[in-house]
>>> print(open('protein_10.cif').read())   # mmCIF, C-alpha atoms
data_model
#
loop_
_atom_site.label_atom_id
_atom_site.label_comp_id
_atom_site.auth_asym_id
_atom_site.auth_seq_id
_atom_site.Cartn_x
_atom_site.Cartn_y
_atom_site.Cartn_z
CA MET A 4 83.58 -149.60 178.60
CA ILE A 5 84.45 -152.00 175.78
CA HIS A 6 83.26 -155.57 176.27
CA PRO A 7 86.06 -158.15 176.10
CA THR A 8 84.39 -159.95 173.19
CA ALA A 9 84.24 -156.78 171.06
CA ILE A 10 86.89 -156.16 168.38
CA VAL A 11 88.05 -152.56 167.97
CA ALA A 12 90.73 -152.10 165.32
CA GLU A 13 93.85 -150.07 165.94
CA GLY A 14 93.35 -146.51 164.75
CA ALA A 15 89.68 -146.22 165.68
CA ASN A 16 88.89 -142.95 167.48
CA ILE A 17 86.64 -143.86 170.41
CA ALA A 18 85.59 -141.25 173.00
CA ALA A 19 86.26 -142.12 176.64
CA ASN A 20 82.67 -142.86 177.70
CA VAL A 21 81.49 -144.80 174.65
CA LYS A 22 79.93 -148.20 175.42
CA ILE A 23 80.75 -151.02 173.02
CA GLY A 24 78.86 -154.17 173.89
CA PRO A 25 79.41 -157.88 173.27
CA TYR A 26 80.58 -159.08 169.86
CA CYS A 27 80.67 -155.64 168.22
CA THR A 28 83.25 -154.94 165.50
CA VAL A 29 84.65 -151.44 164.91
CA GLY A 30 87.00 -150.66 162.02
CA GLY A 31 90.23 -148.72 162.12
CA HIS A 32 88.91 -145.60 160.34
CA VAL A 33 85.84 -145.22 162.56
CA SER A 34 85.20 -142.31 164.93
CA ILE A 35 82.57 -142.58 167.70
CA GLY A 36 81.59 -139.60 169.87
CA GLU A 37 80.85 -139.27 173.56
CA GLY A 38 77.93 -141.12 175.09
CA THR A 39 77.21 -143.35 172.11
CA GLU A 40 76.35 -146.97 172.83
CA LEU A 41 76.72 -150.00 170.57
CA ILE A 42 74.51 -152.47 172.43
CA SER A 43 75.78 -155.75 170.94
CA HIS A 44 76.65 -157.46 167.63
CA VAL A 45 76.98 -154.10 165.83
CA VAL A 46 79.39 -153.71 162.90
CA VAL A 47 80.80 -150.24 162.13
CA SER A 48 83.26 -150.16 159.26
CA GLY A 49 84.75 -147.93 156.57
CA TYR A 50 85.33 -144.20 157.01
CA THR A 51 82.43 -143.70 159.41
CA LYS A 52 81.96 -140.85 161.87
CA ILE A 53 79.28 -141.23 164.55
CA GLY A 54 78.45 -138.31 166.85
CA LYS A 55 77.33 -138.09 170.47
CA ASN A 56 74.68 -139.93 172.46
CA ASN A 57 73.51 -142.35 169.79
CA ARG A 58 72.10 -145.80 170.64
CA ILE A 59 72.73 -148.53 168.06
CA PHE A 60 70.93 -151.81 168.57
CA PRO A 61 72.02 -155.38 167.76
CA PHE A 62 72.91 -156.60 164.28
CA SER A 63 73.06 -153.16 162.66
CA ALA A 64 75.75 -152.69 160.00
CA ILE A 65 76.99 -149.15 159.43
CA GLY A 66 79.54 -147.91 156.90
CA MET A 67 79.59 -151.01 154.74
CA GLU A 68 80.46 -150.47 151.08
CA PRO A 69 77.57 -149.41 148.82
CA GLN A 70 75.51 -151.86 146.81
CA ASP A 71 76.48 -150.10 143.58
CA LEU A 72 78.32 -151.74 140.70
CA LYS A 73 80.08 -148.42 139.96
CA TYR A 74 81.82 -148.53 143.34
CA HIS A 75 85.45 -149.66 143.17
CA GLY A 76 86.73 -149.30 146.72
CA GLU A 77 86.89 -145.50 147.05
CA SER A 78 87.29 -144.08 150.57
CA SER A 79 83.72 -142.87 150.88
CA THR A 80 82.07 -141.98 154.19
CA VAL A 81 79.08 -142.25 156.46
CA ILE A 82 78.49 -139.32 158.81
CA ILE A 83 75.93 -139.65 161.61
CA GLY A 84 75.02 -136.81 163.97
CA ASP A 85 73.89 -136.84 167.59
CA ASN A 86 71.04 -138.37 169.62
CA ASN A 87 69.91 -140.90 167.03
CA THR A 88 68.23 -144.22 167.80
CA ILE A 89 69.19 -146.94 165.32
CA ARG A 90 67.24 -150.12 165.97
CA GLU A 91 67.92 -153.76 165.16
CA ASN A 92 69.24 -154.83 161.75
CA VAL A 93 69.51 -151.33 160.28
CA THR A 94 71.97 -151.05 157.37
CA ILE A 95 73.61 -147.77 156.35
CA ASN A 96 75.92 -147.81 153.30
CA SER A 97 78.72 -145.39 152.47
CA GLY A 98 78.69 -142.95 149.55
CA THR A 99 79.90 -143.13 145.95
CA GLU A 100 81.71 -140.83 143.54
CA GLY A 101 78.41 -140.08 141.83
CA GLY A 102 76.88 -138.73 145.04
CA GLY A 103 79.68 -136.75 146.62
CA MET A 104 81.25 -139.74 148.44
CA GLU A 105 79.07 -139.28 151.50
CA THR A 106 75.97 -140.69 153.17
CA ARG A 107 74.80 -138.32 155.91
CA ILE A 108 72.30 -138.63 158.75
CA GLY A 109 71.44 -135.69 161.01
CA ASN A 110 70.32 -135.53 164.62
CA SER A 111 67.55 -136.97 166.80
CA ASN A 112 66.27 -139.47 164.25
CA MET A 113 64.47 -142.75 164.90
CA LEU A 114 65.40 -145.53 162.46
CA MET A 115 63.30 -148.54 163.37
CA ALA A 116 64.17 -152.19 162.76
CA TYR A 117 65.33 -153.34 159.31
CA VAL A 118 65.58 -149.83 157.83
CA HIS A 119 68.00 -149.63 154.89
CA ILE A 120 69.80 -146.38 154.00
CA ALA A 121 71.57 -146.73 150.66
CA HIS A 122 74.58 -144.81 149.32
CA ASP A 123 74.62 -141.02 149.12
CA CYS A 124 71.36 -140.48 151.01
CA LYS A 125 71.02 -137.23 152.94
CA LEU A 126 68.77 -137.36 156.00
CA GLY A 127 67.91 -134.31 158.09
CA ASP A 128 66.84 -134.08 161.73
CA GLU A 129 63.93 -135.49 163.78
CA LEU A 130 62.90 -138.07 161.19
CA ILE A 131 60.96 -141.26 161.91
CA LEU A 132 61.48 -144.21 159.58
CA ALA A 133 59.25 -147.09 160.62
CA ASN A 134 60.12 -150.79 160.32
CA CYS A 135 61.47 -152.04 157.00
CA VAL A 136 61.61 -148.66 155.23
CA THR A 137 63.99 -148.94 152.28
CA LEU A 138 65.76 -145.92 150.80
CA ALA A 139 67.50 -146.31 147.44
CA GLY A 140 70.55 -144.20 146.57
CA HIS A 141 70.75 -140.40 146.50
CA ILE A 142 67.51 -139.80 148.44
CA GLU A 143 66.96 -136.62 150.47
CA LEU A 144 64.71 -136.64 153.53
CA GLN A 145 64.14 -133.19 154.96
CA ASP A 146 63.62 -132.39 158.67
CA GLY A 147 60.64 -133.86 160.49
CA ALA A 148 59.46 -136.26 157.77
CA ILE A 149 57.80 -139.55 158.75
CA ILE A 150 57.92 -142.65 156.53
CA GLY A 151 55.47 -145.48 157.27
CA GLY A 152 56.53 -149.11 157.59
CA LEU A 153 57.36 -151.31 154.59
CA SER A 154 57.67 -148.30 152.29
CA ALA A 155 60.23 -148.15 149.48
CA ILE A 156 61.58 -144.87 148.09
CA HIS A 157 63.00 -144.66 144.55
CA GLN A 158 66.51 -143.29 143.99
CA PHE A 159 66.95 -139.49 143.76
CA VAL A 160 63.53 -138.81 145.32
CA ARG A 161 63.14 -135.97 147.82
CA ILE A 162 60.72 -136.04 150.75
CA GLY A 163 59.95 -132.53 151.99
CA ARG A 164 59.95 -131.11 155.49
CA TYR A 165 57.22 -132.43 157.82
CA ALA A 166 55.77 -134.63 155.09
CA MET A 167 54.26 -137.95 156.09
CA VAL A 168 54.23 -141.06 153.88
CA GLY A 169 51.72 -143.80 154.70
CA GLY A 170 52.80 -147.38 155.23
CA MET A 171 53.46 -149.82 152.37
CA SER A 172 54.01 -147.00 149.87
CA GLY A 173 56.08 -147.16 146.72
CA ILE A 174 57.31 -143.59 146.24
CA THR A 175 58.74 -142.80 142.79
CA LYS A 176 58.28 -139.01 142.71
CA ASP A 177 59.11 -136.15 145.07
CA VAL A 178 56.75 -135.65 148.02
CA PRO A 179 56.23 -131.93 148.75
CA PRO A 180 56.77 -130.55 152.26
CA PHE A 181 53.90 -130.45 154.76
CA CYS A 182 51.88 -133.02 152.79
CA LEU A 183 50.31 -136.37 153.69
CA THR A 184 50.73 -139.27 151.27
CA ALA A 185 48.18 -142.08 151.33
CA GLY A 186 49.85 -145.48 151.49
CA GLY A 187 49.68 -148.31 149.01
CA TYR A 188 51.26 -149.49 145.80
CA ARG A 189 50.08 -146.42 143.84
CA PRO A 190 50.20 -143.68 146.47
CA GLY A 191 49.06 -140.11 146.08
CA LEU A 192 48.74 -137.01 148.23
CA ALA A 193 45.77 -136.86 150.58
CA GLY A 194 46.03 -133.27 151.80
CA LEU A 195 48.27 -131.68 154.40
CA ASN A 196 49.90 -133.44 157.35
CA ILE A 197 47.74 -131.31 159.64
CA ILE A 198 48.35 -133.26 162.86
CA GLY A 199 52.10 -133.12 162.30
CA LEU A 200 51.99 -129.40 161.57
CA LYS A 201 50.03 -128.67 164.75
CA ARG A 202 52.46 -130.76 166.80
CA HIS A 203 55.34 -128.68 165.46
CA GLY A 204 53.70 -125.36 166.35
CA PHE A 205 52.32 -124.22 163.00
CA SER A 206 49.59 -121.63 163.50
CA LEU A 207 46.06 -121.89 162.12
CA ASP A 208 46.95 -119.09 159.69
CA ASP A 209 50.00 -121.03 158.48
CA ILE A 210 47.88 -124.13 157.92
CA GLY A 211 45.17 -122.11 156.17
CA GLN A 212 47.68 -120.53 153.79
CA LEU A 213 49.22 -123.93 153.05
CA LYS A 214 45.79 -125.45 152.39
CA LYS A 215 45.01 -122.77 149.85
CA ALA A 216 48.38 -123.22 148.14
CA TYR A 217 47.99 -127.01 148.17
CA ARG A 218 44.65 -126.83 146.37
CA SER A 219 46.04 -124.56 143.68
CA LEU A 220 49.41 -126.25 143.16
CA LEU A 221 48.80 -129.94 143.72
CA GLN A 222 45.06 -130.56 143.43
CA GLY A 223 43.62 -128.17 140.90
CA PRO A 224 43.73 -128.46 137.10
CA GLY A 225 45.95 -126.49 134.73
CA LEU A 226 49.57 -126.07 133.74
CA LEU A 227 52.02 -126.18 136.64
CA ALA A 228 53.75 -122.95 135.55
CA ASN A 229 50.42 -121.11 135.65
CA LYS A 230 49.56 -122.54 139.06
CA ILE A 231 52.95 -121.50 140.45
CA ALA A 232 52.41 -117.96 139.17
CA GLN A 233 48.97 -117.83 140.75
CA VAL A 234 50.19 -118.95 144.17
CA GLU A 235 53.13 -116.54 143.99
CA SER A 236 50.77 -113.64 143.40
CA GLU A 237 48.47 -114.65 146.27
CA SER A 238 50.95 -115.63 149.02
CA SER A 239 54.28 -114.09 148.11
CA GLU A 240 55.16 -113.14 151.71
CA HIS A 241 54.30 -116.40 153.48
CA ASP A 242 57.43 -118.38 154.39
CA GLN A 243 55.94 -121.87 154.35
CA VAL A 244 54.10 -121.29 151.08
CA ASN A 245 57.34 -120.04 149.54
CA GLU A 246 59.08 -123.18 150.81
CA LEU A 247 56.40 -125.29 149.12
CA LEU A 248 56.78 -123.27 145.90
CA ASP A 249 60.57 -123.67 145.89
CA PHE A 250 60.23 -127.42 146.33
CA VAL A 251 57.72 -127.69 143.47
CA ARG A 252 59.89 -125.57 141.16
CA THR A 253 62.99 -127.71 141.76
CA ALA A 254 61.40 -131.17 141.45
CA LYS A 255 63.48 -133.28 139.06
CA ARG A 256 61.68 -136.61 139.34
CA GLY A 257 58.22 -135.09 139.06
CA LEU A 258 55.78 -134.56 141.91
CA THR A 259 53.50 -136.85 143.82
CA THR A 260 50.12 -135.15 143.31
CA HIS A 261 46.68 -135.34 144.85
CA ARG A 262 45.05 -138.75 144.86
CA ARG A 263 41.73 -138.92 143.01
CA ASP A 264 39.04 -140.86 144.84
CA GLY A 265 38.07 -144.07 143.10
CA ASP A 266 40.87 -144.33 140.57
CA GLY A 267 43.84 -144.87 142.90
CA GLU A 268 45.81 -141.98 141.42
#
>>> encode(input="protein_10.cif", output="structure tokens")
Amino acid sequence: MIHPTAIVAEGANIAANVKIGPYCTVGGHVSIGEGTELISHVVVSGYTKIGKNNRIFPFSAIGMEPQDLKYHGESSTVIIGDNNTIRENVTINSGTEGGGMETRIGNSNMLMAYVHIAHDCKLGDELILANCVTLAGHIELQDGAIIGGLSAIHQFVRIGRYAMVGGMSGITKDVPPFCLTAGGYRPGLAGLNIIGLKRHGFSLDDIGQLKKAYRSLLQGPGLLANKIAQVESESSEHDQVNELLDFVRTAKRGLTTHRRDGDGE
């Protein structure tokens, strides 16, 4: 199931039912799992491992060396899970010594056209990255997050579980889980991602508890330490609220906070 115009280097580990279409190039240290299809003109290089049942569309380049001046040819990796859709012209770079030598993508993700995944990024499962989303190095996207088209994410930023980032956003600080970020050059939070939470089976009580915690932690005035203590005392046994608290406590780049009407913050 390898097209005669494709070039597959000796040493590549290709499962029996993989489809490699016209003019694809696969390097000698690449592993591709069962049911994966490289439609055409796809380049897979470096120490790249691709799982099962992925579809990779034309002109994508996976496993290329990182765009990092500190990289000097180390044998870093890209690891991609199962059931991902990787559309046209997506680029996924390998890791660096400063990020554990690994770029990792989970399962059942949709990476739309022209998405760029830089070195040492860690992507979870069931993500949607719309057209032209750009991730700098060392970014973490947690399960179920959605990033709108033409958005750029600063290095080392984390996007929490089931968060949604509006299109054309420039994200420079961590986006807490379950939250909705209004798009634009100076984005800010605009409440919870309520539609996304309902679609993923969150109960009305879960959403109500998260709303209350959101207002206290991310919208209301006061010192963050005091707000954390207040939410802990009010919702100490609620799993999703505790997840939100843990994320806020561990933010290293600062937090994207609630957008104030009229001032663009």
>>> closest_residue(input="protein_10.cif", among="A:Asn110, A:Ser206, A:Asn56, A:Asn229", to="Gln145 in chain A", atoms="only C-alpha atoms")
A:Asn110
>>> atom_distance(input="protein_10.cif", atom1="CA of Gly30 in chain A", atom2="CA of His141 in chain A")
24.7 Å
>>> resolve_selection(input="protein_10.cif", expression="the PyMOL selection byres ((chain A and resi 90) around 12)", output="ChimeraX atom specification")
/A:40-43,45,57-65,87-89,91-95,112-119,131-135
>>> resolve_selection(input="protein_10.cif", expression="the PyMOL selection byres ((chain A and resi 193) around 12)", output="ChimeraX atom specification")
/A:166-169,178-179,181-186,190-192,194-197,214,217-218,221-222,259-264,267-268
>>> atom_distance(input="protein_10.cif", atom1="CA of Glu143 in chain A", atom2="CA of Glu235 in chain A")
25.2 Å
>>> atom_distance(input="protein_10.cif", atom1="CA of Gly257 in chain A", atom2="CA of Lys230 in chain A")
15.2 Å
>>> closest_residue(input="protein_10.cif", among="A:Gly36, A:Gly147, A:Tyr50, A:Glu129", to="Glu105 in chain A", atoms="only C-alpha atoms")
A:Tyr50
>>> closest_residue(input="protein_10.cif", among="A:Leu207, A:Lys201, A:His6, A:Thr137", to="Ile174 in chain A", atoms="all atoms listed in the file")
A:Thr137
>>> resolve_selection(input="protein_10.cif", expression="the PyMOL selection byres ((chain A and resi 11) around 7)", output="list in words")
Ala9, Ile10, Ala12, Glu13, Ala15, Thr28, Val29 and Gly30 of chain A
>>> closest_residue(input="protein_10.cif", among="A:Cys124, A:Ala254, A:Ile156, A:Leu247", to="Arg107 in chain A", atoms="only C-alpha atoms")
A:Cys124
>>> closest_residue(input="protein_10.cif", among="A:Leu72, A:Val81, A:Ala228, A:Cys27", to="Thr51 in chain A", atoms="all atoms listed in the file")
A:Val81
>>> residues_near_point(input="protein_10.cif", point="(82.2, -160.2, 177.5)", cutoff="9 Å", atoms="only C-alpha atoms", output="PDB file with C-alpha atoms, keeping the file's coordinate frame")
ATOM      1  CA  ILE A   5      84.450-152.000 175.780  1.00  0.00           C
ATOM      2  CA  HIS A   6      83.260-155.570 176.270  1.00  0.00           C
ATOM      3  CA  PRO A   7      86.060-158.150 176.100  1.00  0.00           C
ATOM      4  CA  THR A   8      84.390-159.950 173.190  1.00  0.00           C
ATOM      5  CA  ALA A   9      84.240-156.780 171.060  1.00  0.00           C
ATOM      6  CA  GLY A  24      78.860-154.170 173.890  1.00  0.00           C
ATOM      7  CA  PRO A  25      79.410-157.880 173.270  1.00  0.00           C
ATOM      8  CA  TYR A  26      80.580-159.080 169.860  1.00  0.00           C
TER       9      TYR A  26
END
>>> closest_residue(input="protein_10.cif", among="A:Gly187, A:Gly98, A:Pro224, A:Gly163", to="Leu258 in chain A", atoms="only C-alpha atoms")
A:Gly163
>>> residues_near_point(input="protein_10.cif", point="(46.0, -119.7, 151.1)", cutoff="12 Å", atoms="only C-alpha atoms", output="VMD selection string")
chain A and resid 207 to 220 233 to 245 247
>>> decode(input="protein_10.cif", residues="range 149-181 of chain A", atoms="N, CA and C atoms", output="PDB file, in the first residue's frame")
ATOM      1  N   ILE A 149     -10.185  23.976  22.683  1.00  0.00           N
ATOM      2  CA  ILE A 149     -10.435  24.422  21.313  1.00  0.00           C
ATOM      3  C   ILE A 149      -9.745  25.767  21.126  1.00  0.00           C
ATOM      4  N   ILE A 150      -8.945  25.881  20.064  1.00  0.00           N
ATOM      5  CA  ILE A 150      -8.222  27.118  19.763  1.00  0.00           C
ATOM      6  C   ILE A 150      -8.716  27.652  18.428  1.00  0.00           C
ATOM      7  N   GLY A 151      -9.236  28.889  18.423  1.00  0.00           N
ATOM      8  CA  GLY A 151      -9.786  29.488  17.218  1.00  0.00           C
ATOM      9  C   GLY A 151      -8.718  29.843  16.201  1.00  0.00           C
ATOM     10  N   GLY A 152      -9.139  30.007  14.955  1.00  0.00           N
ATOM     11  CA  GLY A 152      -8.229  30.230  13.845  1.00  0.00           C
ATOM     12  C   GLY A 152      -7.398  31.493  13.977  1.00  0.00           C
ATOM     13  N   LEU A 153      -6.184  31.430  13.424  1.00  0.00           N
ATOM     14  CA  LEU A 153      -5.246  32.553  13.382  1.00  0.00           C
ATOM     15  C   LEU A 153      -4.776  32.992  14.768  1.00  0.00           C
ATOM     16  N   SER A 154      -4.887  32.127  15.753  1.00  0.00           N
ATOM     17  CA  SER A 154      -4.422  32.450  17.100  1.00  0.00           C
ATOM     18  C   SER A 154      -2.972  32.023  17.274  1.00  0.00           C
ATOM     19  N   ALA A 155      -2.248  32.794  18.081  1.00  0.00           N
ATOM     20  CA  ALA A 155      -0.847  32.501  18.383  1.00  0.00           C
ATOM     21  C   ALA A 155      -0.688  32.380  19.891  1.00  0.00           C
ATOM     22  N   ILE A 156      -0.015  31.324  20.328  1.00  0.00           N
ATOM     23  CA  ILE A 156       0.158  31.044  21.753  1.00  0.00           C
ATOM     24  C   ILE A 156       1.633  31.184  22.110  1.00  0.00           C
ATOM     25  N   HIS A 157       1.926  31.977  23.137  1.00  0.00           N
ATOM     26  CA  HIS A 157       3.291  32.252  23.581  1.00  0.00           C
ATOM     27  C   HIS A 157       3.916  31.004  24.192  1.00  0.00           C
ATOM     28  N   GLN A 158       5.230  30.898  24.111  1.00  0.00           N
ATOM     29  CA  GLN A 158       5.938  29.742  24.671  1.00  0.00           C
ATOM     30  C   GLN A 158       5.664  29.588  26.164  1.00  0.00           C
ATOM     31  N   PHE A 159       5.632  28.328  26.601  1.00  0.00           N
ATOM     32  CA  PHE A 159       5.430  27.914  27.995  1.00  0.00           C
ATOM     33  C   PHE A 159       4.013  28.152  28.514  1.00  0.00           C
ATOM     34  N   VAL A 160       3.103  28.619  27.707  1.00  0.00           N
ATOM     35  CA  VAL A 160       1.718  28.827  28.145  1.00  0.00           C
ATOM     36  C   VAL A 160       1.005  27.486  28.261  1.00  0.00           C
ATOM     37  N   ARG A 161       0.084  27.398  29.216  1.00  0.00           N
ATOM     38  CA  ARG A 161      -0.802  26.240  29.349  1.00  0.00           C
ATOM     39  C   ARG A 161      -2.237  26.671  29.028  1.00  0.00           C
ATOM     40  N   ILE A 162      -2.944  25.806  28.310  1.00  0.00           N
ATOM     41  CA  ILE A 162      -4.369  25.991  28.056  1.00  0.00           C
ATOM     42  C   ILE A 162      -5.086  24.846  28.751  1.00  0.00           C
ATOM     43  N   GLY A 163      -5.985  25.160  29.682  1.00  0.00           N
ATOM     44  CA  GLY A 163      -6.601  24.143  30.523  1.00  0.00           C
ATOM     45  C   GLY A 163      -7.658  23.306  29.809  1.00  0.00           C
ATOM     46  N   ARG A 164      -8.088  22.283  30.498  1.00  0.00           N
ATOM     47  CA  ARG A 164      -9.048  21.322  29.963  1.00  0.00           C
ATOM     48  C   ARG A 164     -10.379  21.999  29.622  1.00  0.00           C
ATOM     49  N   TYR A 165     -10.884  21.682  28.429  1.00  0.00           N
ATOM     50  CA  TYR A 165     -12.169  22.194  27.936  1.00  0.00           C
ATOM     51  C   TYR A 165     -12.226  23.719  27.878  1.00  0.00           C
ATOM     52  N   ALA A 166     -11.092  24.377  27.840  1.00  0.00           N
ATOM     53  CA  ALA A 166     -11.078  25.817  27.585  1.00  0.00           C
ATOM     54  C   ALA A 166     -11.283  26.060  26.097  1.00  0.00           C
ATOM     55  N   MET A 167     -11.794  27.247  25.785  1.00  0.00           N
ATOM     56  CA  MET A 167     -11.961  27.639  24.387  1.00  0.00           C
ATOM     57  C   MET A 167     -11.366  29.025  24.192  1.00  0.00           C
ATOM     58  N   VAL A 168     -10.515  29.158  23.171  1.00  0.00           N
ATOM     59  CA  VAL A 168      -9.864  30.428  22.848  1.00  0.00           C
ATOM     60  C   VAL A 168     -10.449  30.940  21.540  1.00  0.00           C
ATOM     61  N   GLY A 169     -10.966  32.161  21.544  1.00  0.00           N
ATOM     62  CA  GLY A 169     -11.552  32.741  20.342  1.00  0.00           C
ATOM     63  C   GLY A 169     -10.519  32.994  19.266  1.00  0.00           C
ATOM     64  N   GLY A 170     -10.992  33.132  18.031  1.00  0.00           N
ATOM     65  CA  GLY A 170     -10.113  33.323  16.899  1.00  0.00           C
ATOM     66  C   GLY A 170      -9.329  34.624  16.961  1.00  0.00           C
ATOM     67  N   MET A 171      -8.166  34.620  16.303  1.00  0.00           N
ATOM     68  CA  MET A 171      -7.281  35.780  16.191  1.00  0.00           C
ATOM     69  C   MET A 171      -6.815  36.291  17.552  1.00  0.00           C
ATOM     70  N   SER A 172      -6.574  35.372  18.468  1.00  0.00           N
ATOM     71  CA  SER A 172      -6.112  35.727  19.811  1.00  0.00           C
ATOM     72  C   SER A 172      -4.599  35.643  19.903  1.00  0.00           C
ATOM     73  N   GLY A 173      -4.022  36.543  20.682  1.00  0.00           N
ATOM     74  CA  GLY A 173      -2.624  36.447  21.054  1.00  0.00           C
ATOM     75  C   GLY A 173      -2.544  36.104  22.528  1.00  0.00           C
ATOM     76  N   ILE A 174      -2.273  34.844  22.851  1.00  0.00           N
ATOM     77  CA  ILE A 174      -2.328  34.362  24.233  1.00  0.00           C
ATOM     78  C   ILE A 174      -0.920  34.363  24.819  1.00  0.00           C
ATOM     79  N   THR A 175      -0.703  35.147  25.861  1.00  0.00           N
ATOM     80  CA  THR A 175       0.606  35.250  26.502  1.00  0.00           C
ATOM     81  C   THR A 175       0.612  34.725  27.933  1.00  0.00           C
ATOM     82  N   LYS A 176      -0.569  34.410  28.467  1.00  0.00           N
ATOM     83  CA  LYS A 176      -0.677  33.899  29.834  1.00  0.00           C
ATOM     84  C   LYS A 176      -1.544  32.644  29.838  1.00  0.00           C
ATOM     85  N   ASP A 177      -1.431  31.859  30.899  1.00  0.00           N
ATOM     86  CA  ASP A 177      -2.185  30.617  31.006  1.00  0.00           C
ATOM     87  C   ASP A 177      -3.690  30.886  30.949  1.00  0.00           C
ATOM     88  N   VAL A 178      -4.406  30.000  30.270  1.00  0.00           N
ATOM     89  CA  VAL A 178      -5.865  30.067  30.186  1.00  0.00           C
ATOM     90  C   VAL A 178      -6.438  28.960  31.067  1.00  0.00           C
ATOM     91  N   PRO A 179      -7.169  29.295  32.119  1.00  0.00           N
ATOM     92  CA  PRO A 179      -7.665  28.276  33.054  1.00  0.00           C
ATOM     93  C   PRO A 179      -8.634  27.303  32.397  1.00  0.00           C
ATOM     94  N   PRO A 180      -8.753  26.102  32.953  1.00  0.00           N
ATOM     95  CA  PRO A 180      -9.694  25.120  32.402  1.00  0.00           C
ATOM     96  C   PRO A 180     -11.132  25.608  32.497  1.00  0.00           C
ATOM     97  N   PHE A 181     -11.940  25.125  31.567  1.00  0.00           N
ATOM     98  CA  PHE A 181     -13.389  25.348  31.521  1.00  0.00           C
ATOM     99  C   PHE A 181     -13.783  26.765  31.107  1.00  0.00           C
TER     100      PHE A 181
END
